[in-house]
Amino acid sequence: MSLVDYSRIAHQLGRLVAVPSVSSHDPRLDCSNRGVAELIATWLEDVGFRVEWVPVQRGVDKVDLVATLGYGEPGLVLSGHTDTVPCDEHGWDTDPFRLTERDGRLFGLGAADMKAFFPLVLESLQGLNPDRLRRSLVVCATADEESSMAGVKALQSAVDLHGARALIGEPTGLRPIRAHKGVLMEVIRVIGKSGHASDPASGRSALEGMNKVITALLTWREGLQRRFRDETFTVQVPTMNLGHVHGGESPNKICAECELHVDMRILPSMRPEETRAEMREVVTAALRDTGLTAEVEALFEGVPPFDTDPRAQVVHVAEVLTGKTAGSVAFGTEGPYLQQMGLETVVLGAGDIARAHQPNEYVPVAHFEPMVKVLQGMIDYFCIR
C-alpha cells in the first residue's frame, strides 16, 4: 500500500507549474515569484506553520518564504527555490505551464527543478503531530536561484538558522550530494584601434589580440588542470568553456573591440577571487607590448564551491535513508550560502538534473514515495528524536 497520495502531490504541483515564476537577467523575461510562494505559504499555514516574508531587492516583486513549525532551536531546514529558467514553448510537446502526465512522468516547466519538492515536503507532513517536535522544522522557499542567488542572499541577513541541518531539494536522482563545483562567468574585452584593412599600421586589431588571449587562456587551463584534481567529481578537474566571442564590424575594417565570454567550474579547493585574479594576470600578460588593452569583468557574482564534510551528521543520515553514498555534481546550488549561515547542508531530491533547463522537463512519479520517506526520516532524526 502506498504511503503517499499521488493525486494530491500532482494537484499541488500542477498549481505551482501553472504560475509563471521565471527569473532572468533579461527584464523582458523576469517574473515575480510571489504567486508560487503564496500558494506554498497557504498550504503550510493550513498544517500549522508560522509564515515570515523576506523581501528580495531585485527587479520585479520578489520574496522569500520562511515557514516554521514547532518551537525551540531550529532542527532541520528544508529549502528550495521557487523560480524557473525561461523556456521556449515551441520546443515543448505540451504546454509548459500545464502539468501533463505521461508514462509515469509529470511534465511541466520547473516540475523537476524544483517545484515538485514543495508538494513532497507537504506530503511528508501528513499525520505529523507538531507537539512531537523537540526542535523546530523550517521550510524556506527562495527567489532567483536561477539568475542571481539574490533570494538566498537575502535570507542570510534576515533570519538566524545557525546550528540547524539543511536539505536542499534539488533534483539529484534521490542520491545525496555533499559537494559541487563553483561557477564563474567572465567577460573579457580586448580594445584596440580601428583602421583601414589595406594599411595594418593604421590600427591595432583587437581580434588578433583576442587570439593571443585565447591561446594564453587555454594554456592556463592546462596548468590549472595539472594543479587541481578532485576524484569525488565525475569531471575531476576544473573546466573552462569559451562560450561566446564577437568582434569587428566589417572585413575591410580593422577590429577595434572584441569580446569573449568564459564559463569556469572550479573545485572546492579553489578560491573564486584568486582564480579571477589569475585570469586577469593571464590576459594582461598575453597583451603585453601589443598596444592593446583589456577589461575583465564578472558577468555575475558567481556561485562559490560547496563542500560538506563526508563525516557530517546530515550526510550520514541522508546516506542511511537512501542507501546511497553521498557524491558530487558540477551544477551550482544554494548550498554554499546556507553553509555560510552555519547550516550543515546536503542536497537531495526527486527528479534528474539532466531533465532540467530544457524542453519537456519532467519528474518521475516513481520518485515520490522514496523521497517522502527520506523527508520523514530527516524530520524524525533532526526534529523529533
# chains A, B, ... in the order shown; residues from 1 in each chain; ligands from 1

$ closest_atom_pairs --of "region 86-177 of chain A" --to "region 26-46 of chain A" --cutoff "8 Å" --atoms "only C-alpha atoms" --output "Markdown table"
| residue | atom | partner | partner_atom | distance |
| --- | --- | --- | --- | --- |
| A:Pro86 | CA | A:Leu29 | CA | 6.9 |
| A:Phe118 | CA | A:Ile40 | CA | 7.2 |
| A:Leu122 | CA | A:Leu44 | CA | 7.3 |
| A:Ala141 | CA | A:Ala37 | CA | 6.8 |
| A:Ala143 | CA | A:Asn33 | CA | 6.4 |

$ write_last_selection --atoms "C-alpha atoms" --output "short mmCIF file (atom, residue, chain, number, x, y, z; two decimals), in the first residue's frame"
data_model
loop_
_atom_site.label_atom_id
_atom_site.label_comp_id
_atom_site.auth_asym_id
_atom_site.auth_seq_id
_atom_site.Cartn_x
_atom_site.Cartn_y
_atom_site.Cartn_z
CA PRO A 86 12.97 30.89 -19.17
CA PHE A 118 7.28 21.55 -2.06
CA LEU A 122 3.80 18.77 2.38
CA ALA A 141 11.22 28.93 -0.45
CA ALA A 143 13.59 33.60 -5.19
#

$ select_by_dssp --residues "region 163-221 of chain A" --states "alpha helix (DSSP H)" --output "list in words"
Ala206, Leu207, Glu208, Gly209, Met210, Asn211, Lys212, Val213, Ile214, Thr215, Ala216, Leu217, Leu218, Thr219, Trp220 and Arg221 of chain A

$ write_last_selection --atoms "C-alpha atoms" --output "compact mmCIF listing (two decimals), in the first residue's frame"
# COMPACT_ATOMS: atom_id res chain seq x y z
CA ALA A 206 41.51 43.63 -31.11
CA LEU A 207 40.60 40.42 -32.91
CA GLU A 208 44.25 39.44 -33.31
CA GLY A 209 44.79 40.39 -29.69
CA MET A 210 41.92 38.13 -28.63
CA ASN A 211 43.64 35.29 -30.48
CA LYS A 212 46.63 35.79 -28.17
CA VAL A 213 44.32 35.91 -25.15
CA ILE A 214 42.54 32.68 -26.10
CA THR A 215 45.84 30.89 -26.64
CA ALA A 216 47.04 32.06 -23.21
CA LEU A 217 43.76 31.06 -21.53
CA LEU A 218 43.92 27.54 -22.95
CA THR A 219 47.49 27.16 -21.72
CA TRP A 220 46.40 28.44 -18.30
CA ARG A 221 43.53 25.92 -18.27

$ closest_residue --among "A:Arg178, A:Lys253, A:Arg280, A:Lys153" --to "Glu295 (chain A)" --atoms "only C-alpha atoms"
A:Arg280

$ closest_atom_pairs --of "region 173-235 of chain A" --to "region 243-247 of chain A" --cutoff "10 Å" --atoms "only C-alpha atoms" --output "CSV"
residue,atom,partner,partner_atom,distance
A:Met185,CA,A:Gly243,CA,9.8
A:Val187,CA,A:His244,CA,9.2
A:Ile188,CA,A:Val245,CA,9.4
A:Arg189,CA,A:Gly247,CA,9.3
A:Val190,CA,A:Gly247,CA,9.2
A:Ile191,CA,A:Gly247,CA,10.0
A:Ser205,CA,A:Gly247,CA,9.8
A:Ala206,CA,A:Gly247,CA,7.7
A:Leu207,CA,A:Gly247,CA,6.4
A:Met210,CA,A:Gly247,CA,9.1

$ write_last_selection --atoms "N, CA and C atoms" --output "mmCIF file, in the first residue's frame"
data_model
loop_
_atom_site.group_PDB
_atom_site.id
_atom_site.type_symbol
_atom_site.label_atom_id
_atom_site.label_comp_id
_atom_site.auth_asym_id
_atom_site.auth_seq_id
_atom_site.Cartn_x
_atom_site.Cartn_y
_atom_site.Cartn_z
ATOM 1 N N MET A 185 31.461 33.169 -14.334
ATOM 2 C CA MET A 185 31.229 33.561 -15.725
ATOM 3 C C MET A 185 31.799 34.958 -15.925
ATOM 4 N N VAL A 187 33.508 38.116 -18.601
ATOM 5 C CA VAL A 187 33.580 38.717 -19.922
ATOM 6 C C VAL A 187 34.949 39.387 -20.060
ATOM 7 N N ILE A 188 35.618 39.114 -21.170
ATOM 8 C CA ILE A 188 36.929 39.696 -21.466
ATOM 9 C C ILE A 188 36.791 40.547 -22.714
ATOM 10 N N ARG A 189 37.132 41.814 -22.619
ATOM 11 C CA ARG A 189 37.073 42.727 -23.768
ATOM 12 C C ARG A 189 38.491 43.175 -24.108
ATOM 13 N N VAL A 190 38.869 42.973 -25.344
ATOM 14 C CA VAL A 190 40.145 43.482 -25.840
ATOM 15 C C VAL A 190 39.839 44.728 -26.667
ATOM 16 N N ILE A 191 40.547 45.800 -26.373
ATOM 17 C CA ILE A 191 40.263 47.091 -27.016
ATOM 18 C C ILE A 191 41.488 47.537 -27.806
ATOM 19 N N SER A 205 44.551 45.614 -34.135
ATOM 20 C CA SER A 205 43.450 44.659 -34.213
ATOM 21 C C SER A 205 43.149 44.007 -32.863
ATOM 22 N N ALA A 206 41.964 44.284 -32.334
ATOM 23 C CA ALA A 206 41.513 43.629 -31.108
ATOM 24 C C ALA A 206 41.253 42.145 -31.351
ATOM 25 N N LEU A 207 40.871 41.815 -32.581
ATOM 26 C CA LEU A 207 40.602 40.417 -32.906
ATOM 27 C C LEU A 207 41.888 39.585 -32.854
ATOM 28 N N MET A 210 42.714 39.149 -29.290
ATOM 29 C CA MET A 210 41.915 38.125 -28.633
ATOM 30 C C MET A 210 42.448 36.737 -28.951
#

$ select_by_dssp --residues "region 96-305 of chain A" --states "strand (DSSP E or B)" --output "number ranges by chain"
A: 100-102, 105-107, 136-142, 165-168, 172, 177-180, 182-191, 193, 196, 204, 239-247, 253, 257-266, 293-298, 303

$ atom_distance --atom1 "CA of Phe49 (chain A)" --atom2 "CA of Asp64 (chain A)"
15.1 Å

$ atom_distance --atom1 "CA of Gly127 (chain A)" --atom2 "CA of Ala10 (chain A)"
19.1 Å

$ closest_residue --among "A:Thr100, A:Ser157, A:Gln12, A:Ser328" --to "Pro119 (chain A)" --atoms "only C-alpha atoms"
A:Gln12

$ residues_around --residues "Asn241 (chain A)" --least-positions-apart "3" --cutoff "7 Å" --atoms "only C-alpha atoms" --output "tab-separated table (two decimals) with C-alpha atoms, in the first residue's frame"
chain	number	residue	atom	x	y	z
A	262	VAL	CA	34.03	32.43	-20.42
A	263	ASP	CA	32.39	29.88	-18.10
A	264	MET	CA	34.53	28.25	-15.38

$ atom_distance --atom1 "CA of Met114 (chain A)" --atom2 "CA of Glu170 (chain A)"
6.0 Å

$ residues_around --residues "Ser7 (chain A)" --least-positions-apart "2" --cutoff "12 Å" --atoms "only C-alpha atoms" --output "PyMOL selection string"
chain A and resi 2+4-5+9-14+101+106+119-120+123+365+368

$ residues_around --residues "Ser194 (chain A)" --least-positions-apart "6" --cutoff "12 Å" --atoms "only C-alpha atoms" --output "PyMOL selection string"
chain A and resi 200-207+247-258+292

$ write_last_selection --atoms "N, CA and C atoms" --output "short mmCIF file (atom, residue, chain, number, x, y, z; two decimals), in the first residue's frame"
data_model
loop_
_atom_site.label_atom_id
_atom_site.label_comp_id
_atom_site.auth_asym_id
_atom_site.auth_seq_id
_atom_site.Cartn_x
_atom_site.Cartn_y
_atom_site.Cartn_z
N PRO A 200 47.66 47.94 -42.35
CA PRO A 200 47.68 47.40 -40.99
C PRO A 200 48.22 48.38 -39.95
N ALA A 201 49.09 49.28 -40.36
CA ALA A 201 49.67 50.22 -39.40
C ALA A 201 48.68 51.29 -38.95
N SER A 202 47.53 51.39 -39.65
CA SER A 202 46.55 52.43 -39.31
C SER A 202 45.71 52.08 -38.09
N GLY A 203 45.82 50.86 -37.59
CA GLY A 203 45.02 50.46 -36.44
C GLY A 203 45.72 49.38 -35.63
N ARG A 204 45.04 48.90 -34.61
CA ARG A 204 45.53 47.78 -33.80
C ARG A 204 44.38 46.80 -33.65
N SER A 205 44.55 45.61 -34.14
CA SER A 205 43.45 44.66 -34.21
C SER A 205 43.15 44.01 -32.86
N ALA A 206 41.96 44.28 -32.33
CA ALA A 206 41.51 43.63 -31.11
C ALA A 206 41.25 42.15 -31.35
N LEU A 207 40.87 41.81 -32.58
CA LEU A 207 40.60 40.42 -32.91
C LEU A 207 41.89 39.59 -32.85
N GLY A 247 33.47 40.17 -32.37
CA GLY A 247 34.32 41.33 -32.59
C GLY A 247 34.28 41.79 -34.03
N GLY A 248 34.46 43.06 -34.22
CA GLY A 248 34.55 43.61 -35.57
C GLY A 248 33.21 43.94 -36.19
N GLU A 249 33.29 44.72 -37.28
CA GLU A 249 32.09 45.18 -37.96
C GLU A 249 32.09 44.85 -39.44
N SER A 250 33.29 44.74 -40.02
CA SER A 250 33.37 44.56 -41.47
C SER A 250 34.74 43.97 -41.81
N PRO A 251 34.82 43.12 -42.84
CA PRO A 251 36.11 42.53 -43.19
C PRO A 251 37.14 43.55 -43.68
N ASN A 252 36.70 44.72 -44.14
CA ASN A 252 37.65 45.71 -44.64
C ASN A 252 37.96 46.79 -43.61
N LYS A 253 37.69 46.48 -42.33
CA LYS A 253 37.95 47.42 -41.24
C LYS A 253 38.67 46.69 -40.12
N ILE A 254 39.76 47.26 -39.63
CA ILE A 254 40.49 46.65 -38.52
C ILE A 254 39.60 46.65 -37.28
N CYS A 255 39.52 45.49 -36.64
CA CYS A 255 38.63 45.31 -35.48
C CYS A 255 39.12 46.13 -34.29
N ALA A 256 38.26 46.99 -33.76
CA ALA A 256 38.64 47.86 -32.65
C ALA A 256 38.28 47.27 -31.30
N GLU A 257 37.35 46.33 -31.24
CA GLU A 257 36.95 45.76 -29.96
C GLU A 257 36.47 44.33 -30.17
N CYS A 258 36.88 43.44 -29.28
CA CYS A 258 36.48 42.04 -29.35
C CYS A 258 36.13 41.56 -27.95
N LEU A 292 47.52 47.01 -27.11
CA LEU A 292 46.10 46.73 -26.83
C LEU A 292 45.85 46.76 -25.33
#

$ closest_residue --among "A:Val237, A:Leu321, A:Ala158, A:Ala18" --to "Pro96 (chain A)" --atoms "only C-alpha atoms"
A:Ala18

$ closest_residue --among "A:Gly323, A:Val121, A:Ile384, A:Glu361" --to "Thr94 (chain A)" --atoms "only C-alpha atoms"
A:Glu361

$ closest_atom_pairs --of "region 232-323 of chain A" --to "region 336-354 of chain A" --cutoff "9 Å" --atoms "only C-alpha atoms" --output "CSV"
residue,atom,partner,partner_atom,distance
A:Val303,CA,A:Pro336,CA,8.0
A:Pro304,CA,A:Pro336,CA,6.3
A:Pro305,CA,A:Pro336,CA,6.6
A:Phe306,CA,A:Pro336,CA,4.9
A:Asp307,CA,A:Pro336,CA,7.7
A:Thr308,CA,A:Thr345,CA,6.6
A:Asp309,CA,A:Glu344,CA,8.8
A:Ala312,CA,A:Glu344,CA,7.3
A:Gln313,CA,A:Glu344,CA,8.1
A:Val314,CA,A:Val346,CA,6.5
A:Val315,CA,A:Val346,CA,6.1
A:Ala318,CA,A:Val346,CA,7.8

$ write_last_selection --atoms "C-alpha atoms" --output "tab-separated table (two decimals), in the first residue's frame"
chain	number	residue	atom	x	y	z
A	303	VAL	CA	28.45	30.70	-7.13
A	304	PRO	CA	31.06	29.52	-4.63
A	305	PRO	CA	32.06	25.86	-4.48
A	306	PHE	CA	30.17	23.71	-1.97
A	307	ASP	CA	31.74	21.02	0.21
A	308	THR	CA	30.20	19.39	3.27
A	309	ASP	CA	32.44	17.11	5.33
A	312	ALA	CA	28.86	15.36	8.80
A	313	GLN	CA	25.75	14.09	10.54
A	314	VAL	CA	23.39	15.35	7.84
A	315	VAL	CA	25.38	13.48	5.19
A	318	ALA	CA	20.95	11.04	4.18

$ residues_around --residues "His25 (chain A)" --least-positions-apart "5" --cutoff "12 Å" --atoms "only C-alpha atoms" --output "ChimeraX atom specification"
/A:30-31,58-60,85-86,144-150,299-300

$ write_last_selection --atoms "C-alpha atoms" --output "compact mmCIF listing (two decimals), in the first residue's frame"
# COMPACT_ATOMS: atom_id res chain seq x y z
CA ASP A 30 11.87 38.22 -15.49
CA CYS A 31 8.77 37.43 -13.40
CA ARG A 58 15.91 42.73 -7.21
CA GLY A 59 13.78 43.50 -10.25
CA VAL A 60 10.06 42.84 -10.05
CA VAL A 85 14.63 29.32 -16.10
CA PRO A 86 12.97 30.89 -19.17
CA ASP A 144 16.04 34.00 -8.07
CA GLU A 145 18.25 30.94 -7.64
CA GLU A 146 18.36 30.52 -11.42
CA SER A 147 19.72 34.01 -12.09
CA SER A 148 21.36 35.87 -9.22
CA MET A 149 21.07 33.92 -5.94
CA ALA A 150 19.51 37.13 -4.59
CA LEU A 299 29.02 38.55 -15.85
CA PHE A 300 27.53 37.79 -12.42
